[in-house]
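K.L.:
Structure file query08.cif (mmCIF, C-alpha atoms) is given on the next line.
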```
data_work
#
loop_
_atom_site.label_atom_id
_atom_site.label_comp_id
_atom_site.auth_asym_id
_atom_site.auth_seq_id
_atom_site.Cartn_x
_atom_site.Cartn_y
_atom_site.Cartn_z
CA MET Q 1 30.05 19.91 16.94
CA ALA Q 2 26.82 18.70 18.40
CA ASP Q 3 27.17 15.72 20.69
CA THR Q 4 23.92 14.10 19.61
CA MET Q 5 22.37 13.15 16.31
CA GLN Q 6 18.88 12.39 15.12
CA PHE Q 7 18.16 8.65 15.10
CA ASP Q 8 15.13 7.26 13.29
CA LEU Q 9 14.11 3.64 13.04
CA VAL Q 10 11.35 3.16 10.51
CA SER Q 11 9.62 0.07 9.23
CA PRO Q 12 7.36 0.06 6.17
CA GLU Q 13 4.34 0.23 8.43
CA ARG Q 14 5.31 2.75 11.05
CA LYS Q 15 7.99 4.75 12.74
CA LEU Q 16 9.43 2.67 15.58
CA ALA Q 17 11.73 5.16 17.20
CA SER Q 18 12.88 8.70 16.80
CA VAL Q 19 15.33 9.99 19.39
CA GLN Q 20 18.40 12.11 19.83
CA ALA Q 21 21.21 9.61 20.12
CA ARG Q 22 24.80 9.87 21.26
CA GLU Q 23 25.82 6.70 19.51
CA VAL Q 24 24.21 3.94 17.50
CA ARG Q 25 25.65 0.46 17.12
CA LEU Q 26 24.56 -1.09 13.85
CA PRO Q 27 24.85 -4.76 12.83
CA GLY Q 28 26.25 -4.38 9.31
CA VAL Q 29 26.60 -7.30 6.90
CA GLU Q 30 30.35 -6.87 6.91
CA GLY Q 31 30.65 -6.36 10.63
CA ASP Q 32 29.27 -4.10 13.31
CA LEU Q 33 29.66 -0.39 13.08
CA THR Q 34 29.22 2.32 15.66
CA ALA Q 35 28.00 5.62 14.36
CA MET Q 36 28.63 8.75 16.39
CA PRO Q 37 27.91 12.37 15.53
CA GLY Q 38 30.13 13.54 12.72
CA HIS Q 39 30.49 10.09 11.20
CA ALA Q 40 31.36 10.04 7.50
CA PRO Q 41 28.27 9.49 5.32
CA VAL Q 42 27.74 5.80 4.70
CA ILE Q 43 24.95 3.54 3.52
CA LEU Q 44 25.18 0.01 4.76
CA SER Q 45 23.17 -3.17 4.57
CA LEU Q 46 22.21 -4.71 7.86
CA ARG Q 47 22.17 -8.33 8.87
CA PRO Q 48 19.63 -9.64 11.38
CA GLY Q 49 20.92 -8.61 14.75
CA ILE Q 50 20.71 -6.26 17.68
CA LEU Q 51 20.86 -2.54 17.16
CA THR Q 52 21.78 -0.44 20.17
CA VAL Q 53 20.96 3.21 20.57
CA VAL Q 54 22.64 5.22 23.29
CA SER Q 55 20.89 8.45 24.12
CA ALA Q 56 20.91 10.85 27.03
CA GLU Q 57 18.21 8.76 28.75
CA GLY Q 58 20.20 5.57 28.53
CA SER Q 59 20.48 2.90 25.91
CA SER Q 60 17.78 0.91 24.20
CA GLU Q 61 18.05 -2.15 22.02
CA PHE Q 62 16.12 -3.23 18.98
CA ALA Q 63 16.14 -6.49 17.09
CA VAL Q 64 16.10 -5.88 13.35
CA THR Q 65 15.83 -8.38 10.54
CA GLY Q 66 17.88 -6.90 7.78
CA GLY Q 67 17.26 -3.69 5.97
CA PHE Q 68 19.71 -0.88 5.63
CA ALA Q 69 20.97 2.20 7.39
CA GLU Q 70 21.86 5.62 6.18
CA VAL Q 71 24.42 7.41 8.30
CA SER Q 72 25.39 11.00 7.87
CA GLY Q 73 27.04 13.45 10.23
CA GLU Q 74 23.83 14.51 11.97
CA THR Q 75 21.39 11.69 11.29
CA VAL Q 76 21.13 7.94 11.38
CA THR Q 77 18.14 6.45 9.63
CA VAL Q 78 17.51 2.74 9.76
CA LEU Q 79 15.04 1.24 7.35
CA ALA Q 80 14.27 -2.15 8.79
CA GLU Q 81 11.94 -4.62 7.20
CA ARG Q 82 10.94 -5.73 10.63
CA GLY Q 83 12.05 -4.29 13.91
CA VAL Q 84 10.97 -4.86 17.48
CA THR Q 85 12.34 -3.60 20.76
CA LYS Q 86 14.37 -6.24 22.46
CA ALA Q 87 11.89 -6.49 25.30
CA GLU Q 88 9.11 -7.27 22.83
CA LEU Q 89 11.07 -9.95 21.06
CA THR Q 90 9.64 -13.17 22.38
CA ALA Q 91 10.56 -16.72 21.48
CA ALA Q 92 7.40 -16.93 19.37
CA ILE Q 93 8.27 -13.90 17.25
CA HIS Q 94 11.80 -15.15 16.87
CA ALA Q 95 10.63 -18.61 15.81
CA ASP Q 96 8.43 -16.90 13.27
CA MET Q 97 11.39 -14.97 11.91
CA VAL Q 98 13.54 -18.07 11.73
CA ALA Q 99 10.78 -19.97 9.95
CA GLU Q 100 10.51 -17.16 7.45
CA ALA Q 101 14.25 -17.22 6.81
CA LYS Q 102 14.06 -21.00 6.34
CA LYS Q 103 11.30 -20.57 3.81
CA VAL Q 104 13.40 -18.05 1.90
CA LEU Q 105 16.34 -20.44 1.95
CA ASP Q 106 14.24 -23.29 0.61
CA ALA Q 107 12.89 -21.17 -2.20
CA ALA Q 108 16.21 -19.46 -2.90
CA HIS Q 109 17.86 -19.66 -6.27
CA PRO Q 110 21.24 -21.55 -6.08
CA SER Q 111 23.10 -18.30 -6.79
CA VAL Q 112 21.70 -16.63 -3.69
CA ALA Q 113 21.44 -19.74 -1.52
CA ASP Q 114 24.63 -18.80 0.32
CA ALA Q 115 23.22 -15.43 1.23
CA ALA Q 116 19.96 -17.02 2.34
CA ALA Q 117 21.82 -19.61 4.42
CA LYS Q 118 23.81 -16.82 6.06
CA MET Q 119 20.59 -14.97 6.72
CA LEU Q 120 19.20 -18.02 8.52
CA ALA Q 121 22.42 -18.47 10.48
CA ASP Q 122 22.35 -14.79 11.48
CA MET Q 123 18.75 -15.15 12.52
CA GLU Q 124 19.55 -18.13 14.71
CA ALA Q 125 22.58 -16.39 16.15
CA LEU Q 126 20.34 -13.50 17.08
CA GLY Q 127 18.20 -15.89 19.11
CA THR Q 128 21.18 -17.36 20.93
CA HIS Q 129 22.50 -13.91 21.56
CA ILE Q 130 19.52 -12.90 23.60
CA ASN Q 131 18.99 -16.31 25.21
CA LEU Q 132 15.74 -17.48 23.77
CA MET H 1 -52.06 5.06 -8.78
CA PRO H 2 -50.40 3.22 -5.87
CA SER H 3 -52.63 2.52 -2.92
CA LEU H 4 -52.01 4.05 0.49
CA LYS H 5 -50.63 0.78 1.79
CA ASP H 6 -48.17 0.52 -1.12
CA LEU H 7 -46.93 4.04 -0.47
CA LYS H 8 -46.52 3.34 3.22
CA ASN H 9 -44.50 0.19 2.44
CA ARG H 10 -42.25 2.08 0.07
CA ILE H 11 -41.57 4.81 2.60
CA THR H 12 -40.63 2.20 5.20
CA SER H 13 -38.33 0.44 2.76
CA VAL H 14 -36.57 3.67 1.71
CA LYS H 15 -36.20 4.59 5.37
CA ASN H 16 -34.48 1.25 5.98
CA THR H 17 -32.21 1.82 3.02
CA ARG H 18 -31.31 5.21 4.41
CA LYS H 19 -30.40 3.66 7.73
CA ILE H 20 -28.10 1.20 5.97
CA THR H 21 -26.36 3.79 3.79
CA LYS H 22 -25.97 6.07 6.79
CA ALA H 23 -24.33 3.27 8.75
CA MET H 24 -22.06 2.42 5.83
CA GLN H 25 -21.05 6.04 5.56
CA MET H 26 -20.07 6.16 9.21
CA VAL H 27 -18.14 2.91 8.96
CA ALA H 28 -16.34 4.21 5.87
CA ALA H 29 -15.52 7.45 7.69
CA ALA H 30 -13.99 5.55 10.59
CA LYS H 31 -12.07 3.27 8.25
CA LEU H 32 -10.92 6.24 6.21
CA ARG H 33 -9.36 7.84 9.23
CA ARG H 34 -7.47 4.65 9.99
CA ALA H 35 -6.45 4.22 6.36
CA GLN H 36 -5.12 7.77 6.27
CA GLU H 37 -3.16 7.19 9.45
CA ASN H 38 -1.64 4.05 7.97
CA ALA H 39 -0.73 5.85 4.76
CA GLU H 40 0.79 8.64 6.84
CA ALA H 41 2.81 6.18 8.94
CA ALA H 42 4.21 4.46 5.87
CA ARG H 43 5.39 7.68 4.30
CA PRO H 44 8.76 8.17 6.07
CA TYR H 45 9.95 4.75 4.95
CA ALA H 46 8.87 5.27 1.36
CA GLU H 47 10.44 8.73 1.22
CA LYS H 48 13.73 7.54 2.66
CA MET H 49 13.72 4.54 0.37
CA SER H 50 13.27 6.63 -2.73
CA ALA H 51 15.87 9.16 -1.55
CA VAL H 52 18.46 6.44 -1.02
CA LEU H 53 17.55 4.72 -4.28
CA THR H 54 17.92 8.01 -6.12
CA SER H 55 21.35 8.73 -4.70
CA LEU H 56 22.44 5.15 -5.38
CA ALA H 57 21.09 5.14 -8.89
CA THR H 58 22.81 8.42 -9.65
CA ALA H 59 26.06 6.97 -8.31
CA VAL H 60 25.82 3.72 -10.23
CA GLY H 61 24.14 5.49 -13.11
CA SER H 62 23.68 3.74 -16.37
CA SER H 63 26.99 1.97 -16.10
CA GLU H 64 27.37 -1.44 -17.72
CA GLY H 65 26.62 -3.59 -14.71
CA ALA H 66 23.44 -1.76 -13.65
CA PRO H 67 20.83 -4.26 -12.42
CA ARG H 68 18.04 -5.12 -14.83
CA LEU H 69 15.44 -3.83 -12.41
CA LEU H 70 16.90 -0.37 -12.92
CA ALA H 71 18.16 -0.49 -16.48
CA GLY H 72 15.30 -2.56 -17.86
CA THR H 73 15.58 -5.39 -20.33
CA GLY H 74 16.27 -3.06 -23.21
CA SER H 75 12.86 -3.67 -24.69
CA ASP H 76 9.30 -2.64 -23.96
CA LYS H 77 7.56 -5.32 -25.96
CA VAL H 78 5.75 -7.09 -23.17
CA GLN H 79 3.87 -4.86 -20.75
CA LEU H 80 2.51 -6.03 -17.44
CA LEU H 81 -0.38 -4.00 -16.10
CA VAL H 82 -1.06 -4.46 -12.41
CA VAL H 83 -4.58 -3.23 -11.83
CA MET H 84 -5.26 -2.56 -8.16
CA THR H 85 -8.88 -2.01 -7.20
CA GLY H 86 -11.14 -2.60 -4.25
CA GLU H 87 -12.64 -5.91 -3.22
CA ARG H 88 -16.07 -4.44 -2.77
CA GLY H 89 -18.38 -2.07 -4.55
CA LEU H 90 -20.80 0.60 -3.33
CA CYS H 91 -18.10 3.20 -3.65
CA GLY H 92 -19.14 5.39 -6.55
CA GLY H 93 -16.82 5.47 -9.52
CA PHE H 94 -13.74 4.33 -7.62
CA ASN H 95 -13.29 0.88 -9.16
CA ALA H 96 -14.68 1.92 -12.54
CA ASN H 97 -12.24 4.83 -12.86
CA ILE H 98 -9.20 2.67 -12.24
CA ALA H 99 -10.49 0.01 -14.61
CA LYS H 100 -11.16 2.64 -17.25
CA LEU H 101 -7.65 4.04 -17.03
CA ALA H 102 -6.17 0.54 -17.28
CA ARG H 103 -8.42 -0.37 -20.19
CA THR H 104 -7.49 2.78 -22.13
CA ARG H 105 -3.83 2.07 -21.52
CA ALA H 106 -4.15 -1.58 -22.52
CA ASN H 107 -5.92 -0.66 -25.76
CA GLU H 108 -3.25 1.92 -26.57
CA LEU H 109 -0.51 -0.64 -26.02
CA LEU H 110 -2.33 -3.25 -28.09
CA ALA H 111 -2.75 -0.72 -30.90
CA GLU H 112 1.01 -0.16 -30.82
CA GLY H 113 1.50 -3.88 -31.32
CA LYS H 114 2.77 -4.56 -27.80
CA THR H 115 1.93 -7.64 -25.80
CA VAL H 116 -0.21 -6.92 -22.79
CA LYS H 117 -0.43 -9.01 -19.63
CA ILE H 118 -2.73 -8.11 -16.81
CA LEU H 119 -2.42 -8.95 -13.14
CA THR H 120 -5.41 -7.93 -11.10
CA VAL H 121 -5.40 -7.12 -7.41
CA GLY H 122 -8.90 -6.87 -6.04
CA LYS H 123 -12.02 -8.59 -7.28
CA LYS H 124 -13.79 -5.57 -8.74
CA GLY H 125 -11.07 -4.76 -11.24
CA ARG H 126 -10.99 -8.34 -12.44
CA ASP H 127 -14.74 -8.35 -12.95
CA ALA H 128 -14.69 -5.04 -14.78
CA LEU H 129 -11.94 -6.03 -17.19
CA ARG H 130 -12.79 -9.67 -17.72
CA ARG H 131 -15.21 -9.16 -20.59
CA ASP H 132 -13.01 -7.30 -23.06
CA LEU H 133 -9.50 -8.01 -21.77
CA GLY H 134 -10.00 -11.38 -20.10
CA GLN H 135 -7.69 -13.21 -22.48
CA TYR H 136 -4.71 -11.16 -21.26
CA PHE H 137 -5.12 -12.04 -17.59
CA VAL H 138 -2.08 -13.77 -16.14
CA GLY H 139 -3.02 -13.79 -12.50
CA HIS H 140 -5.09 -12.43 -9.68
CA VAL H 141 -4.31 -11.49 -6.11
CA ASP H 142 -7.15 -11.92 -3.69
CA LEU H 143 -7.13 -9.57 -0.73
CA SER H 144 -10.74 -10.06 0.30
CA GLU H 145 -9.72 -12.06 3.37
CA VAL H 146 -7.26 -9.41 4.49
CA LYS H 147 -8.59 -7.36 7.37
CA LYS H 148 -5.65 -5.03 7.73
CA LEU H 149 -3.18 -4.40 4.95
CA SER H 150 0.35 -5.16 6.00
CA TYR H 151 3.70 -4.93 4.33
CA ALA H 152 3.63 -8.72 3.95
CA ASN H 153 0.72 -8.39 1.49
CA ALA H 154 2.71 -5.96 -0.63
CA GLN H 155 5.75 -8.20 -0.33
CA ASP H 156 3.78 -11.15 -1.69
CA ILE H 157 2.57 -9.16 -4.69
CA ALA H 158 6.08 -7.84 -5.29
CA ASP H 159 7.53 -11.37 -5.09
CA ASP H 160 5.00 -12.52 -7.64
CA ILE H 161 5.85 -9.66 -10.01
CA LEU H 162 9.62 -10.00 -9.54
CA GLY H 163 9.39 -13.76 -10.09
CA ARG H 164 7.71 -13.13 -13.40
CA PHE H 165 10.30 -10.52 -14.28
CA ASP H 166 13.18 -12.90 -13.53
CA ALA H 167 11.48 -15.53 -15.66
CA GLY H 168 11.47 -13.02 -18.51
CA GLU H 169 7.70 -12.86 -18.70
CA PHE H 170 7.55 -9.10 -19.18
CA ASP H 171 9.72 -6.04 -19.81
CA VAL H 172 7.82 -3.20 -18.21
CA ALA H 173 5.40 -3.24 -15.27
CA THR H 174 2.96 -0.50 -14.43
CA ILE H 175 0.65 -0.34 -11.44
CA PHE H 176 -2.78 1.25 -11.61
CA TYR H 177 -4.27 2.63 -8.44
CA SER H 178 -6.00 5.67 -7.07
CA ILE H 179 -4.27 8.50 -5.30
CA PHE H 180 -6.23 9.87 -2.38
CA GLU H 181 -6.52 13.62 -2.82
CA SER H 182 -9.55 14.28 -0.68
CA VAL H 183 -12.80 12.63 0.29
CA ILE H 184 -14.44 13.84 -2.90
CA SER H 185 -11.48 13.46 -5.21
CA GLN H 186 -9.51 10.30 -5.91
CA LYS H 187 -7.22 10.38 -8.87
CA PRO H 188 -6.66 7.16 -10.84
CA THR H 189 -2.97 6.92 -11.57
CA ALA H 190 -0.54 4.77 -13.51
CA GLN H 191 2.96 4.35 -12.14
CA GLN H 192 5.78 2.41 -13.70
CA ILE H 193 7.57 0.24 -11.17
CA VAL H 194 9.75 -2.01 -13.34
CA PRO H 195 12.23 -0.83 -14.50
CA ALA H 196 12.40 1.56 -11.57
CA GLN H 197 11.83 5.16 -12.45
CA ILE H 198 14.37 7.37 -10.79
CA GLU H 199 14.26 11.11 -11.25
CA THR H 200 17.85 11.94 -11.97
CA ASP H 201 17.91 15.11 -10.00
CA ALA H 202 21.34 16.69 -9.76
CA SER H 203 20.68 18.11 -6.30
CA ALA H 204 19.82 14.66 -4.92
CA ALA H 205 23.41 13.52 -5.19
CA SER H 206 24.69 16.31 -2.95
CA THR H 207 26.04 13.97 -0.25
CA VAL H 208 28.65 11.50 -1.29
CA TYR H 209 28.14 8.27 0.60
CA ASP H 210 30.38 5.36 1.26
CA TYR H 211 28.71 2.07 0.55
CA GLU H 212 29.14 -1.06 2.58
CA PRO H 213 29.19 -3.56 0.87
CA GLY H 214 29.63 -2.06 -2.62
CA ASP H 215 27.08 0.22 -4.23
CA GLN H 216 26.17 -2.43 -6.81
CA GLU H 217 25.29 -4.97 -4.11
CA ILE H 218 23.24 -2.50 -2.10
CA LEU H 219 21.39 -1.35 -5.19
CA ALA H 220 20.65 -4.94 -6.18
CA ALA H 221 19.29 -5.61 -2.69
CA LEU H 222 17.31 -2.40 -2.53
CA LEU H 223 15.54 -2.42 -5.88
CA PRO H 224 13.22 -5.35 -5.05
CA ARG H 225 12.42 -3.61 -1.77
CA GLY H 226 11.72 -0.45 -3.70
CA VAL H 227 9.16 -2.35 -5.75
CA ALA H 228 7.53 -3.76 -2.63
CA THR H 229 7.49 -0.31 -1.03
CA ALA H 230 5.88 1.23 -4.11
CA ILE H 231 3.22 -1.47 -4.08
CA PHE H 232 2.63 -1.08 -0.36
CA ALA H 233 2.23 2.67 -0.77
CA ALA H 234 -0.18 2.09 -3.65
CA LEU H 235 -2.21 -0.40 -1.60
CA LEU H 236 -2.52 2.08 1.24
CA GLU H 237 -3.44 4.96 -1.06
CA ASN H 238 -5.98 2.73 -2.72
CA ASN H 239 -7.43 1.73 0.61
CA ALA H 240 -7.80 5.35 1.68
CA SER H 241 -9.30 6.24 -1.71
CA PHE H 242 -11.73 3.36 -1.52
CA ASN H 243 -13.01 4.41 1.87
CA GLY H 244 -13.16 8.06 0.83
CA ALA H 245 -15.10 7.17 -2.30
CA GLN H 246 -17.41 4.92 -0.36
CA MET H 247 -17.99 7.59 2.24
CA SER H 248 -19.02 10.22 -0.30
CA ALA H 249 -21.06 7.71 -2.31
CA MET H 250 -22.93 6.68 0.81
CA ASP H 251 -23.38 10.30 1.84
CA ASN H 252 -25.03 10.94 -1.53
CA ALA H 253 -27.16 7.84 -1.19
CA THR H 254 -28.31 8.92 2.26
CA ARG H 255 -29.25 12.34 0.96
CA ASN H 256 -31.07 10.87 -2.04
CA ALA H 257 -32.99 8.54 0.25
CA GLY H 258 -33.99 11.55 2.37
CA ASP H 259 -35.25 13.39 -0.71
CA MET H 260 -37.15 10.34 -1.81
CA ILE H 261 -38.77 9.94 1.59
CA ASP H 262 -39.91 13.58 1.50
CA LYS H 263 -41.39 13.13 -1.95
CA LEU H 264 -43.13 9.91 -1.04
CA THR H 265 -44.48 11.40 2.18
CA VAL H 266 -46.02 14.30 0.27
CA GLU H 267 -47.59 11.86 -2.16
CA TYR H 268 -48.83 9.72 0.72
CA ASN H 269 -50.42 12.69 2.47
CA ARG H 270 -52.05 13.87 -0.78
CA SER H 271 -53.61 10.49 -1.49
CA ARG H 272 -54.80 10.16 2.10
CA GLN H 273 -56.38 13.60 1.93
CA ALA H 274 -57.94 12.70 -1.43
CA ALA H 275 -59.41 9.54 0.08
CA ILE H 276 -60.85 11.48 3.04
CA THR H 277 -62.33 14.12 0.74
CA LYS H 278 -63.85 11.44 -1.42
CA GLU H 279 -65.45 9.75 1.57
CA LEU H 280 -66.81 13.07 2.85
CA ILE H 281 -68.31 13.87 -0.54
CA GLU H 282 -69.94 10.45 -0.58
CA ILE H 283 -71.42 10.95 2.89
CA ILE H 284 -72.64 14.48 2.14
CA SER H 285 -74.17 13.61 -1.19
CA GLY H 286 -75.73 10.55 0.42
CA ALA H 287 -77.28 12.75 3.16
CA GLU H 288 -78.53 15.29 0.59
CA ALA H 289 -80.24 12.60 -1.39
CA LEU H 290 -82.43 11.65 1.55
#
```
Translate this file's structure into structure tokens.

P.N.:
Amino acid sequence: MADTMQFDLVSPERKLASVQAREVRLPGVEGDLTAMPGHAPVILSLRPGILTVVSAEGSSEFAVTGGFAEVSGETVTVLAERGVTKAELTAAIHADMVAEAKKVLDAAHPSVADAAAKMLADMEALGTHINL
Amino acid sequence: MPSLKDLKNRITSVKNTRKITKAMQMVAAAKLRRAQENAEAARPYAEKMSAVLTSLATAVGSSEGAPRLLAGTGSDKVQLLVVMTGERGLCGGFNANIAKLARTRANELLAEGKTVKILTVGKKGRDALRRDLGQYFVGHVDLSEVKKLSYANAQDIADDILGRFDAGEFDVATIFYSIFESVISQKPTAQQIVPAQIETDASAASTVYDYEPGDQEILAALLPRGVATAIFAALLENNASFNGAQMSAMDNATRNAGDMIDKLTVEYNRSRQAAITKELIEIISGAEAL
């Protein structure tokens, strides 16, 4: 079995990353998940959080705001609505994201308000996590 | 017959026009390249999205609890036509072709006794359809201030459409836009986005996935994104088509201006020669008379 797998991180506007990865840590809505080569096929929703890719050259981190991931034995594809490398994530961008989540929460229908509130909480937790 | 001065003025003015169309052609060519790159860059996401949607939809299928965005409302009485055109003209038949397709479709639907609602994206489509279909307009999205199309623009349009769908304002939504085939060929296209059209291809469901959380939840979360993605792809295609159409239209205009300049120059030279000949004849006959 190969010890690496193809990892792609794509946003609607462009491809953010495409590398051979040894492992990918994904922030799933129901808890984090680490995908390694040979993982059982799974499609999972992501919560806003940090996504870590470990490749032969070392590990890199991306901040994603939701989206979903498709994991199969040889590939991991993450479709993120918005993704930036952790180094690029500044307080300003984060504030922007939080503001957006707040807006969604305000406009949210009562039935999905819980989900929107969780989204905002996740977004804020993401900021604390990387000390902004 | 126009005087020499008139001819000279016309030649100068056509030359200026040619300079302008030439410049517009070059600008369109540069923009086209960028638009194509953008469309190219957006493709992986759209492809993946539709692949995942297909496998999910096949898994959930037409079971009872299928979301309305996939299963539809069970009726096709009220049709929403989203007509996406350019914000500007001077691009040959680009806007007119899209408007024509939408108009034909709207008239067909009206003849079948359906209710038609029209949402226009882009000023030119609104202007073209206002006269005969103006009473069906339900909204307009203005993108004239947008310098660079981003996913957020598509998201806004999608939110608008989905809001109307949730409010029960329509049953079926179709977008009208132009597919970019080449610089000289842009194909006006209609694509149904609500309810989502999934090709139920047996081979697509080859991998059996686990879903986390459940497949229903993921499908419900993905379908609105699928709509936004389809709109984003359409916007980008449209943008590329617009620039392609403008480029070839301006190329034609430049060539026509060149032809016109040649013709006018010949005419100018003829009349100048005629004037000289006339003067010579006058001088000679004057001298002979002495």

K.L.:
Determine which residues of chain Q sit within 6 Å of chain H, taking into account all atoms listed in the file, and present them as a ChimeraX atom specification.

P.N.:
/Q:10,12-14,41-44

K.L.:
Which residues are close to stretch 144-146 of chain H, i.e. within 8 Å by only C-alpha atoms, leaving aside same-chain residues fewer than 3 positions away? Reply as a PyMOL selection string.

P.N.:
chain H and resi 87+122-123+149

K.L.:
Given the choices H:Ala158, H:Leu7, H:Cys91, H:Leu80, which gets closest to H:Asn252 if the distance is worked out from all atoms listed in the file?

P.N.:
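Checking each candidate against H:Asn252, we get H:Cys91 as the closest.
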
K.L.:
Could you tell me how far atom CA of H:Ile179 lies from atom CA of H:Leu223, in Å and to one decimal?

P.N.:
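Here the two named atoms are 22.6 Å from each other.
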
K.L.:
Translate the PyMOL selection byres ((chain Q and resi 22) around 8) into a concrete residue list for this structure, as a list in words.

P.N.:
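When the PyMOL selection byres ((chain Q and resi 22) around 8) is applied to the shown file, the picked residues are Asp3, Thr4, Met5, Gln20, Ala21, Glu23, Val24, Met36, Pro37, Val53, Val54, Ser55 and Ala56 of chain Q.
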
K.L.:
For Q:Thr85, find every residue with an atom within 6 Å (counting only C-alpha atoms), except residues of its own chain fewer than 2 positions away, and show them as number ranges by chain.

P.N.:
Q: 62, 87-88

K.L.:
Quick one: pull the distance between atom CA of H:Met84 and atom CA of H:Ile184, Å, one decimal.

P.N.:
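Value for the atom CA of H:Met84-atom CA of H:Ile184 distance: 19.5 Å.
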
K.L.:
So that I can check the surroundings of Q:Gly31, please list as a ChimeraX atom specification every protein, DNA and RNA residue that reaches within 12 Å of it, counting all atoms listed in the file and ignoring chain neighbours fewer than 6 positions away.

P.N.:
/Q:25,44-49,122 /H:212-213

K.L.:
Between atom CA of H:Lys31 and atom CA of H:Asn256, what is the spacing in Å?

P.N.:
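Here the two named atoms are 22.9 Å from each other.
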
K.L.:
For Q:Ile50, which residue out of Q:Ala117, Q:Ala35, Q:Val84, Q:Ala91 is the nearest one, using all atoms listed in the file?

P.N.:
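The shortest atom-to-atom distance to Q:Ile50 comes from Q:Val84.
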
K.L.:
So which one's closest to H:Tyr177, H:Ala275, H:Ala28, H:Ala96, H:Ala289? Using all atoms listed in the file, please.

P.N.:
H:Ala96

K.L.:
Return the single residue from H:Val194, H:Val121, H:Val138, H:Leu129 that is closest to H:Thr73, with distances computed using only C-alpha atoms.

P.N.:
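Comparing H:Val194, H:Val121, H:Val138, H:Leu129 against H:Thr73, the winner is H:Val194.
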
K.L.:
Given the choices Q:Leu126, Q:Ala63, Q:Leu120, Q:Leu51, which gets closest to Q:Asp32 if the distance is worked out from only C-alpha atoms?

P.N.:
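Nearest candidate to Q:Asp32 out of Q:Leu126, Q:Ala63, Q:Leu120, Q:Leu51: Q:Leu51.
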
K.L.:
Any idea what's packed within 7 Å of H:Lys124, counting only C-alpha atoms, ignoring anything in its chain fewer than 6 positions away? Could you give it as a ChimeraX atom specification?

P.N.:
/H:85-88,95

K.L.:
Written as number ranges by chain, which residues does the PyMOL selection byres ((chain Q and resi 77) around 8) give for the file shown?

P.N.:
Q: 7-10, 69-71, 75-76, 78-79

K.L.:
Excluding H:Ala66 and residues on its chain fewer than 2 positions from it, collect all residues at most 12 Å away from it, counting all atoms listed in the file, and give them as an MDAnalysis selection string.

P.N.:
chainID H and resid 56:64 68:73 195:196 215:220 223

K.L.:
For the residues selected in the previous step, produce a file with C-alpha atoms as a short mmCIF file (atom, residue, chain, number, x, y, z; two decimals), keeping the file's coordinate frame.

P.N.:
```cif
data_model
loop_
_atom_site.label_atom_id
_atom_site.label_comp_id
_atom_site.auth_asym_id
_atom_site.auth_seq_id
_atom_site.Cartn_x
_atom_site.Cartn_y
_atom_site.Cartn_z
CA LEU H 56 22.44 5.15 -5.38
CA ALA H 57 21.09 5.14 -8.89
CA THR H 58 22.81 8.42 -9.65
CA ALA H 59 26.06 6.97 -8.31
CA VAL H 60 25.82 3.72 -10.23
CA GLY H 61 24.14 5.49 -13.11
CA SER H 62 23.68 3.74 -16.37
CA SER H 63 26.99 1.97 -16.10
CA GLU H 64 27.37 -1.44 -17.72
CA ARG H 68 18.04 -5.12 -14.83
CA LEU H 69 15.44 -3.83 -12.41
CA LEU H 70 16.90 -0.37 -12.92
CA ALA H 71 18.16 -0.49 -16.48
CA GLY H 72 15.30 -2.56 -17.86
CA THR H 73 15.58 -5.39 -20.33
CA PRO H 195 12.23 -0.83 -14.50
CA ALA H 196 12.40 1.56 -11.57
CA ASP H 215 27.08 0.22 -4.23
CA GLN H 216 26.17 -2.43 -6.81
CA GLU H 217 25.29 -4.97 -4.11
CA ILE H 218 23.24 -2.50 -2.10
CA LEU H 219 21.39 -1.35 -5.19
CA ALA H 220 20.65 -4.94 -6.18
CA LEU H 223 15.54 -2.42 -5.88
#
```

K.L.:
Padding 4 Å on every side, please: axis-aligned box over the listed atoms of stretch 119-128 of chain Q, centre and edge lengths to one decimal in Å, as JSON.

P.N.:
```
{"center_x": 20.4, "center_y": -16.0, "center_z": 13.8, "size_x": 12.4, "size_y": 13.0, "size_z": 22.2}
```

K.L.:
Restricting the calculation to all atoms listed in the file, which member of Q:Leu105, Q:Ile93, Q:Thr52, Q:Ala125 is positioned closest to Q:Leu33?

P.N.:
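Closest residue, counting all atoms listed in the file: Q:Thr52.
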
K.L.:
Write a file for stretch 84-89 of chain Q of the given structure; include N, CA and C atoms and format it as a short mmCIF file (atom, residue, chain, number, x, y, z; two decimals), in the first residue's frame.

P.N.:
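The result, stored in result31.cif:
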```
data_model
loop_
_atom_site.label_atom_id
_atom_site.label_comp_id
_atom_site.auth_asym_id
_atom_site.auth_seq_id
_atom_site.Cartn_x
_atom_site.Cartn_y
_atom_site.Cartn_z
N VAL Q 84 -7.75 29.61 3.84
CA VAL Q 84 -6.50 30.36 3.74
C VAL Q 84 -5.44 29.59 4.50
N THR Q 85 -4.17 29.76 4.11
CA THR Q 85 -3.13 29.11 4.89
C THR Q 85 -3.07 29.83 6.23
N LYS Q 86 -2.63 29.10 7.22
CA LYS Q 86 -2.69 29.66 8.56
C LYS Q 86 -1.86 30.94 8.66
N ALA Q 87 -0.75 30.96 7.93
CA ALA Q 87 0.10 32.14 7.98
C ALA Q 87 -0.61 33.37 7.41
N GLU Q 88 -1.50 33.13 6.44
CA GLU Q 88 -2.20 34.25 5.82
C GLU Q 88 -3.39 34.74 6.63
N LEU Q 89 -3.79 33.92 7.59
CA LEU Q 89 -4.99 34.27 8.35
C LEU Q 89 -4.66 35.36 9.36
#
```
